[in-house]
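One structure is given below, encoded as structure tokens.
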Amino acid sequence: MTYTNAPELPAPDILRCAYMELVVTDLAASREFYVDALGLVVTHEDDEAIYLRSFEEFIHHNLVLRKGDEAAVAVFGFRVRSQEDVDRAAAYYEALGCEVRRSEEGFVRGIRNAVRVQDPLGFPYEFFFEVDHVERLAWHYELQGAGALVRLDHFNQVYPDVVEGAKYLDDLGFRKTEDIQDEAGTVFAAWFARKPTVHDTALTGGDGPRMHHVAFATHEKHNILYICDKLGALRQSDKIERGPGRHGVSNAFYLYLRDPDGHRVEIYTQDYYTGDPDNPLVTWDVHDNQRRDWWGNPVVPSWYTDASRVLDLDGNLVPIQEREEDSEMAVTIGADGFSYTRKGDTEEGFKLGNQV
């Protein structure tokens, strides 16, 4: 289906991105990557799944690794403000004509009375409020280590029509904080927030629906550098796909990794506050090479081609739609736009607010 207009119903009040459920083919190998190498905390594990959380989290989990035959993304999970907002989510998506399912006991451990939908873009979303609380480990420095992952920060979604997707997320109550455009007004990517940061999710133009990456935050740059050193010491430097570096978009310091199944994980820190109602939109010129890397480093080809498939509510792979765009830059994807050389050193790289 395609998205046109919001229903005449209130959208759910989304607080933040809260968890992702990944299907992995080798649970032991995934545990070695996410727990032994990256240091995420195990809340629960059995022969079929591992539930993980970051050090500042108090809800049951931020990441579920579920064993399966083919690697994919089972759900993008969002926490809402109240149980009434879960009901609003169900009604909202039913009015859109989307498939909606509800589970009183929860689709995963630690979450109850949740709603899952296959949204108009084809992505599997979950909305929930009731959760099991666990100990927040923010003060347990003896457990954290030098590369501690402290929060789930955002998702990044790949979809062929960023304008259509942006209207959908705007109607759902997300605030657009940044985007990338060319001189013709073609939108290549956009960033959307509910919490007062640069984003809880983003849309990247490309064949989709797919998941480009899931991101966890650290406190400082040195935490990311330690992760690089640790991966090198463990002889797992091949897990590093891109970085470390600093984005122009979001202003954040970053590192991109690939897990044993190829799912992309970003380690992210030091973006900026966006919580005021008049927070200005930042628009980047797609020709400005500093939008993707503030230092001007090139982006590896896999960045533009690889992303994780997503599942429908029955666990089947959602069909891929190809991006249709006349621009020569539309042959590749990237979570911060398309690779292209800056047209001139004097050209304005980005614009702010009402100047767009």
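By convention here, the chains of the structure tokens are called A, B, ... in the order presented, each chain's residues are numbered starting at 1, and ligands are numbered starting at 1 in the order presented.
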Check: Can you list, as a PyMOL selection string, every protein, DNA or RNA residue that comes within 10 Å of Trp139 of chain A when you count only C-alpha atoms, leaving out same-chain residues fewer than 3 positions away?
Finding: chain A and resi 55-56+136+142-144
Write the selection just made, keeping N, CA and C atoms, as a PDB file, in the first residue's frame?
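Output contents, as saved in out.pdb:
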```pdb
ATOM      1  N   PHE A  55      23.266   0.301  29.474  1.00  0.00           N
ATOM      2  CA  PHE A  55      23.534   0.488  30.896  1.00  0.00           C
ATOM      3  C   PHE A  55      22.613   1.491  31.575  1.00  0.00           C
ATOM      4  N   GLU A  56      22.034   2.420  30.854  1.00  0.00           N
ATOM      5  CA  GLU A  56      21.135   3.384  31.485  1.00  0.00           C
ATOM      6  C   GLU A  56      19.671   2.985  31.365  1.00  0.00           C
ATOM      7  N   ARG A 136      18.525  -0.252  36.638  1.00  0.00           N
ATOM      8  CA  ARG A 136      19.319   0.667  35.827  1.00  0.00           C
ATOM      9  C   ARG A 136      20.762   0.603  36.336  1.00  0.00           C
ATOM     10  N   GLU A 142      31.790  -0.549  37.687  1.00  0.00           N
ATOM     11  CA  GLU A 142      32.610  -1.763  37.702  1.00  0.00           C
ATOM     12  C   GLU A 142      32.166  -2.767  36.640  1.00  0.00           C
ATOM     13  N   LEU A 143      30.956  -2.583  36.110  1.00  0.00           N
ATOM     14  CA  LEU A 143      30.435  -3.474  35.083  1.00  0.00           C
ATOM     15  C   LEU A 143      30.571  -2.899  33.681  1.00  0.00           C
ATOM     16  N   GLN A 144      30.709  -1.587  33.578  1.00  0.00           N
ATOM     17  CA  GLN A 144      30.518  -0.939  32.293  1.00  0.00           C
ATOM     18  C   GLN A 144      31.688  -1.074  31.328  1.00  0.00           C
TER      19      GLN A 144
END
```
Next item on the list: Pick out the residues sitting within 6 Å of Ala202 of chain A, and hand them over as a VMD selection string; count only C-alpha atoms, and ignore anything fewer than 6 positions along from it in its own chain.
Entry: chain A and resid 156 to 157 190 to 192
Next item on the list: Would you return as JSON, numbers by chain the members of segment 6-168 of chain A that DSSP assigns to helix (DSSP H, G or I) on this structure's backbone?
Entry: {"A": [27, 28, 29, 30, 31, 32, 33, 34, 35, 36, 37, 83, 84, 85, 86, 87, 88, 89, 90, 91, 92, 93, 94, 95, 141, 142, 143, 144, 162, 163, 164, 165, 166, 167, 168]}
Requested write-out: N, CA, C and O atoms of the selected residues, as a tab-separated table (two decimals), in the first residue's frame:
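Below you can see out.tsv, which holds the result:
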```
chain	number	residue	atom	x	y	z
A	27	LEU	N	22.90	-17.86	17.16
A	27	LEU	CA	22.71	-17.13	18.41
A	27	LEU	C	24.01	-16.99	19.18
A	27	LEU	O	24.27	-15.94	19.78
A	28	ALA	N	24.83	-18.02	19.16
A	28	ALA	CA	26.10	-17.97	19.89
A	28	ALA	C	27.03	-16.92	19.29
A	28	ALA	O	27.68	-16.15	20.02
A	29	ALA	N	27.11	-16.86	17.96
A	29	ALA	CA	27.97	-15.87	17.31
A	29	ALA	C	27.45	-14.45	17.58
A	29	ALA	O	28.24	-13.52	17.80
A	30	SER	N	26.13	-14.29	17.57
A	30	SER	CA	25.56	-12.97	17.87
A	30	SER	C	25.83	-12.57	19.30
A	30	SER	O	26.11	-11.40	19.59
A	31	ARG	N	25.75	-13.52	20.22
A	31	ARG	CA	26.05	-13.22	21.62
A	31	ARG	C	27.49	-12.77	21.79
A	31	ARG	O	27.80	-11.84	22.53
A	32	GLU	N	28.39	-13.44	21.09
A	32	GLU	CA	29.80	-13.06	21.16
A	32	GLU	C	29.99	-11.62	20.71
A	32	GLU	O	30.79	-10.87	21.30
A	33	PHE	N	29.26	-11.21	19.66
A	33	PHE	CA	29.41	-9.84	19.15
A	33	PHE	C	28.77	-8.82	20.08
A	33	PHE	O	29.41	-7.85	20.49
A	34	TYR	N	27.49	-9.01	20.42
A	34	TYR	CA	26.75	-7.99	21.16
A	34	TYR	C	27.08	-7.96	22.65
A	34	TYR	O	27.02	-6.89	23.27
A	35	VAL	N	27.41	-9.09	23.23
A	35	VAL	CA	27.68	-9.16	24.67
A	35	VAL	C	29.18	-9.12	24.95
A	35	VAL	O	29.67	-8.26	25.67
A	36	ASP	N	29.92	-10.06	24.36
A	36	ASP	CA	31.35	-10.15	24.67
A	36	ASP	C	32.14	-8.99	24.08
A	36	ASP	O	33.05	-8.47	24.74
A	37	ALA	N	31.82	-8.57	22.87
A	37	ALA	CA	32.58	-7.49	22.24
A	37	ALA	C	32.01	-6.12	22.58
A	37	ALA	O	32.75	-5.22	23.00
A	83	GLN	N	-1.12	3.50	28.29
A	83	GLN	CA	-1.80	2.37	27.67
A	83	GLN	C	-2.90	2.84	26.73
A	83	GLN	O	-3.20	2.19	25.73
A	84	GLU	N	-3.48	4.00	27.02
A	84	GLU	CA	-4.47	4.57	26.11
A	84	GLU	C	-3.84	4.87	24.74
A	84	GLU	O	-4.53	4.78	23.71
A	85	ASP	N	-2.57	5.22	24.74
A	85	ASP	CA	-1.90	5.48	23.46
A	85	ASP	C	-1.68	4.20	22.67
A	85	ASP	O	-1.61	4.24	21.43
A	86	VAL	N	-1.54	3.07	23.35
A	86	VAL	CA	-1.49	1.79	22.63
A	86	VAL	C	-2.82	1.57	21.91
A	86	VAL	O	-2.87	1.16	20.75
A	87	ASP	N	-3.93	1.86	22.62
A	87	ASP	CA	-5.25	1.75	21.99
A	87	ASP	C	-5.37	2.71	20.81
A	87	ASP	O	-5.95	2.37	19.76
A	88	ARG	N	-4.84	3.92	20.98
A	88	ARG	CA	-4.88	4.90	19.88
A	88	ARG	C	-4.09	4.38	18.68
A	88	ARG	O	-4.49	4.59	17.53
A	89	ALA	N	-2.96	3.74	18.94
A	89	ALA	CA	-2.15	3.20	17.84
A	89	ALA	C	-2.95	2.16	17.06
A	89	ALA	O	-2.95	2.16	15.82
A	90	ALA	N	-3.63	1.26	17.78
A	90	ALA	CA	-4.42	0.23	17.12
A	90	ALA	C	-5.50	0.86	16.24
A	90	ALA	O	-5.67	0.49	15.07
A	91	ALA	N	-6.23	1.83	16.79
A	91	ALA	CA	-7.31	2.47	16.04
A	91	ALA	C	-6.76	3.26	14.85
A	91	ALA	O	-7.35	3.26	13.76
A	92	TYR	N	-5.64	3.92	15.05
A	92	TYR	CA	-5.03	4.75	14.01
A	92	TYR	C	-4.66	3.91	12.80
A	92	TYR	O	-4.98	4.25	11.65
A	93	TYR	N	-4.01	2.79	13.04
A	93	TYR	CA	-3.55	1.96	11.92
A	93	TYR	C	-4.69	1.16	11.31
A	93	TYR	O	-4.68	0.89	10.10
A	94	GLU	N	-5.67	0.79	12.11
A	94	GLU	CA	-6.85	0.14	11.53
A	94	GLU	C	-7.55	1.10	10.56
A	94	GLU	O	-8.00	0.70	9.48
A	95	ALA	N	-7.62	2.37	10.94
A	95	ALA	CA	-8.25	3.37	10.06
A	95	ALA	C	-7.44	3.58	8.79
A	95	ALA	O	-7.99	3.95	7.75
A	141	TYR	N	29.80	1.28	37.54
A	141	TYR	CA	30.95	1.48	36.67
A	141	TYR	C	31.86	0.26	36.64
A	141	TYR	O	32.61	0.07	35.67
A	142	GLU	N	31.79	-0.55	37.69
A	142	GLU	CA	32.61	-1.76	37.70
A	142	GLU	C	32.17	-2.77	36.64
A	142	GLU	O	32.92	-3.68	36.28
A	143	LEU	N	30.96	-2.58	36.11
A	143	LEU	CA	30.43	-3.47	35.08
A	143	LEU	C	30.57	-2.90	33.68
A	143	LEU	O	30.53	-3.63	32.69
A	144	GLN	N	30.71	-1.59	33.58
A	144	GLN	CA	30.52	-0.94	32.29
A	144	GLN	C	31.69	-1.07	31.33
A	144	GLN	O	31.49	-1.31	30.15
A	162	VAL	N	11.09	9.01	-0.06
A	162	VAL	CA	11.32	9.70	1.21
A	162	VAL	C	10.24	10.74	1.47
A	162	VAL	O	9.84	10.96	2.62
A	163	VAL	N	9.73	11.39	0.43
A	163	VAL	CA	8.68	12.40	0.63
A	163	VAL	C	7.42	11.76	1.17
A	163	VAL	O	6.80	12.27	2.12
A	164	GLU	N	7.00	10.65	0.59
A	164	GLU	CA	5.83	9.93	1.10
A	164	GLU	C	6.06	9.47	2.54
A	164	GLU	O	5.21	9.65	3.41
A	165	GLY	N	7.23	8.88	2.79
A	165	GLY	CA	7.54	8.42	4.14
A	165	GLY	C	7.61	9.54	5.15
A	165	GLY	O	7.18	9.40	6.30
A	166	ALA	N	8.14	10.70	4.72
A	166	ALA	CA	8.24	11.84	5.62
A	166	ALA	C	6.86	12.36	6.01
A	166	ALA	O	6.64	12.74	7.17
A	167	LYS	N	5.93	12.39	5.06
A	167	LYS	CA	4.57	12.83	5.38
A	167	LYS	C	3.93	11.88	6.40
A	167	LYS	O	3.27	12.32	7.35
A	168	TYR	N	4.13	10.59	6.20
A	168	TYR	CA	3.61	9.60	7.15
A	168	TYR	C	4.16	9.81	8.55
A	168	TYR	O	3.40	9.85	9.54
```
Next item on the list: Between A:Asn223, A:Trp284, A:Gly145, A:Asp238, single out the one closest to Val187 of chain A, counting only C-alpha atoms.
Entry: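 That would be A:Trp284, the residue with the smallest distance to Val187 of chain A.
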Next item on the list: Find the spatial neighbours of segment 105-107 of chain A, counting only C-alpha atoms, within a cut-off of 10 Å - ignore same-chain residues fewer than 3 positions away - and output them as a PyMOL selection string.
Entry: chain A and resi 101-102+110-116+126+128+130-131
Notebook entry, point to check: Between A:Leu38, A:Leu121, A:Leu65, A:Met1, which one has atoms that come closest to Thr25 of chain A, using only C-alpha atoms?
Noted result: A:Leu65
Check: What are the DSSP strand (DSSP E) residues of segment 247-323 of chain A, as a PyMOL selection string?
Finding: chain A and resi 253-258+264-269+282-285+308-309
Next item on the list: Would you mind listing what lies within 9 Å of Ile14 of chain A as a ChimeraX atom specification, with only C-alpha atoms counted and same-chain residues fewer than 4 positions away left out?
Entry: /A:78-81,85,127,172-174,194-195
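Taking only C-alpha atoms into account, Asp182 of chain A lies nearest to A:Val286 out of the set A:Val198, A:Val286, A:Asp13, A:Ala6.
Neighbouring residues of segment 267-270 of chain A at 6 Å or closer, counting only C-alpha atoms and skipping chain neighbours under 6 positions away, are Ala215, Phe216, Ala217, Thr218, Ala252, Phe253, Tyr254 and Leu255 of chain A.
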Hey, can you spit out that residue selection with N, CA, C and O atoms as a compact mmCIF listing (two decimals), in the first residue's frame?
```
# COMPACT_ATOMS: atom_id res chain seq x y z
N ALA A 215 21.13 2.08 16.20
CA ALA A 215 22.22 2.83 16.82
C ALA A 215 22.13 2.84 18.33
O ALA A 215 21.05 3.08 18.90
N PHE A 216 23.27 2.63 18.98
CA PHE A 216 23.42 2.76 20.41
C PHE A 216 24.37 3.90 20.72
O PHE A 216 25.35 4.12 19.99
N ALA A 217 24.10 4.63 21.81
CA ALA A 217 24.89 5.80 22.18
C ALA A 217 25.91 5.46 23.27
O ALA A 217 25.66 4.62 24.14
N THR A 218 27.05 6.13 23.19
CA THR A 218 28.02 6.16 24.28
C THR A 218 28.04 7.59 24.83
O THR A 218 27.46 8.51 24.27
N ALA A 252 27.16 14.22 14.95
CA ALA A 252 27.55 13.16 15.89
C ALA A 252 28.84 12.48 15.47
O ALA A 252 29.18 12.38 14.29
N PHE A 253 29.56 11.98 16.48
CA PHE A 253 30.71 11.11 16.28
C PHE A 253 30.19 9.69 16.11
O PHE A 253 29.29 9.27 16.83
N TYR A 254 30.75 8.93 15.17
CA TYR A 254 30.11 7.66 14.81
C TYR A 254 31.13 6.55 14.57
O TYR A 254 32.32 6.79 14.30
N LEU A 255 30.62 5.33 14.61
CA LEU A 255 31.31 4.12 14.17
C LEU A 255 30.24 3.17 13.67
O LEU A 255 29.21 3.00 14.33
```
Extract, using only C-alpha atoms, all DNA, RNA and protein residues at most 8 Å from Pro209 of chain A, discarding same-chain residues fewer than 5 positions from it, and format them as a compact mmCIF listing (two decimals) with C-alpha atoms, in the first residue's frame.
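Once written, around-v8.txt looks like this:
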```
# COMPACT_ATOMS: atom_id res chain seq x y z
CA LEU A 121 5.45 1.76 4.16
CA GLY A 122 5.73 -1.96 4.91
CA PHE A 123 7.70 -1.74 8.16
CA GLN A 157 14.92 2.92 7.64
CA VAL A 158 15.42 2.58 3.88
CA TYR A 159 12.40 3.41 1.70
CA PRO A 160 12.03 4.33 -1.99
CA ARG A 309 15.28 -7.09 5.07
CA VAL A 310 12.18 -6.66 7.24
CA VAL A 318 8.35 -8.00 2.95
CA PRO A 319 8.77 -7.54 -0.84
CA ILE A 320 11.26 -4.90 -1.92
CA GLN A 321 10.13 -1.82 -3.86
```
Next item on the list: Could you give me, as a PyMOL selection string, the residues within 9 Å of Val24 of chain A, counting only C-alpha atoms and dropping anything in the same chain fewer than 6 positions from it?
Entry: chain A and resi 30+65-73+260-261+263
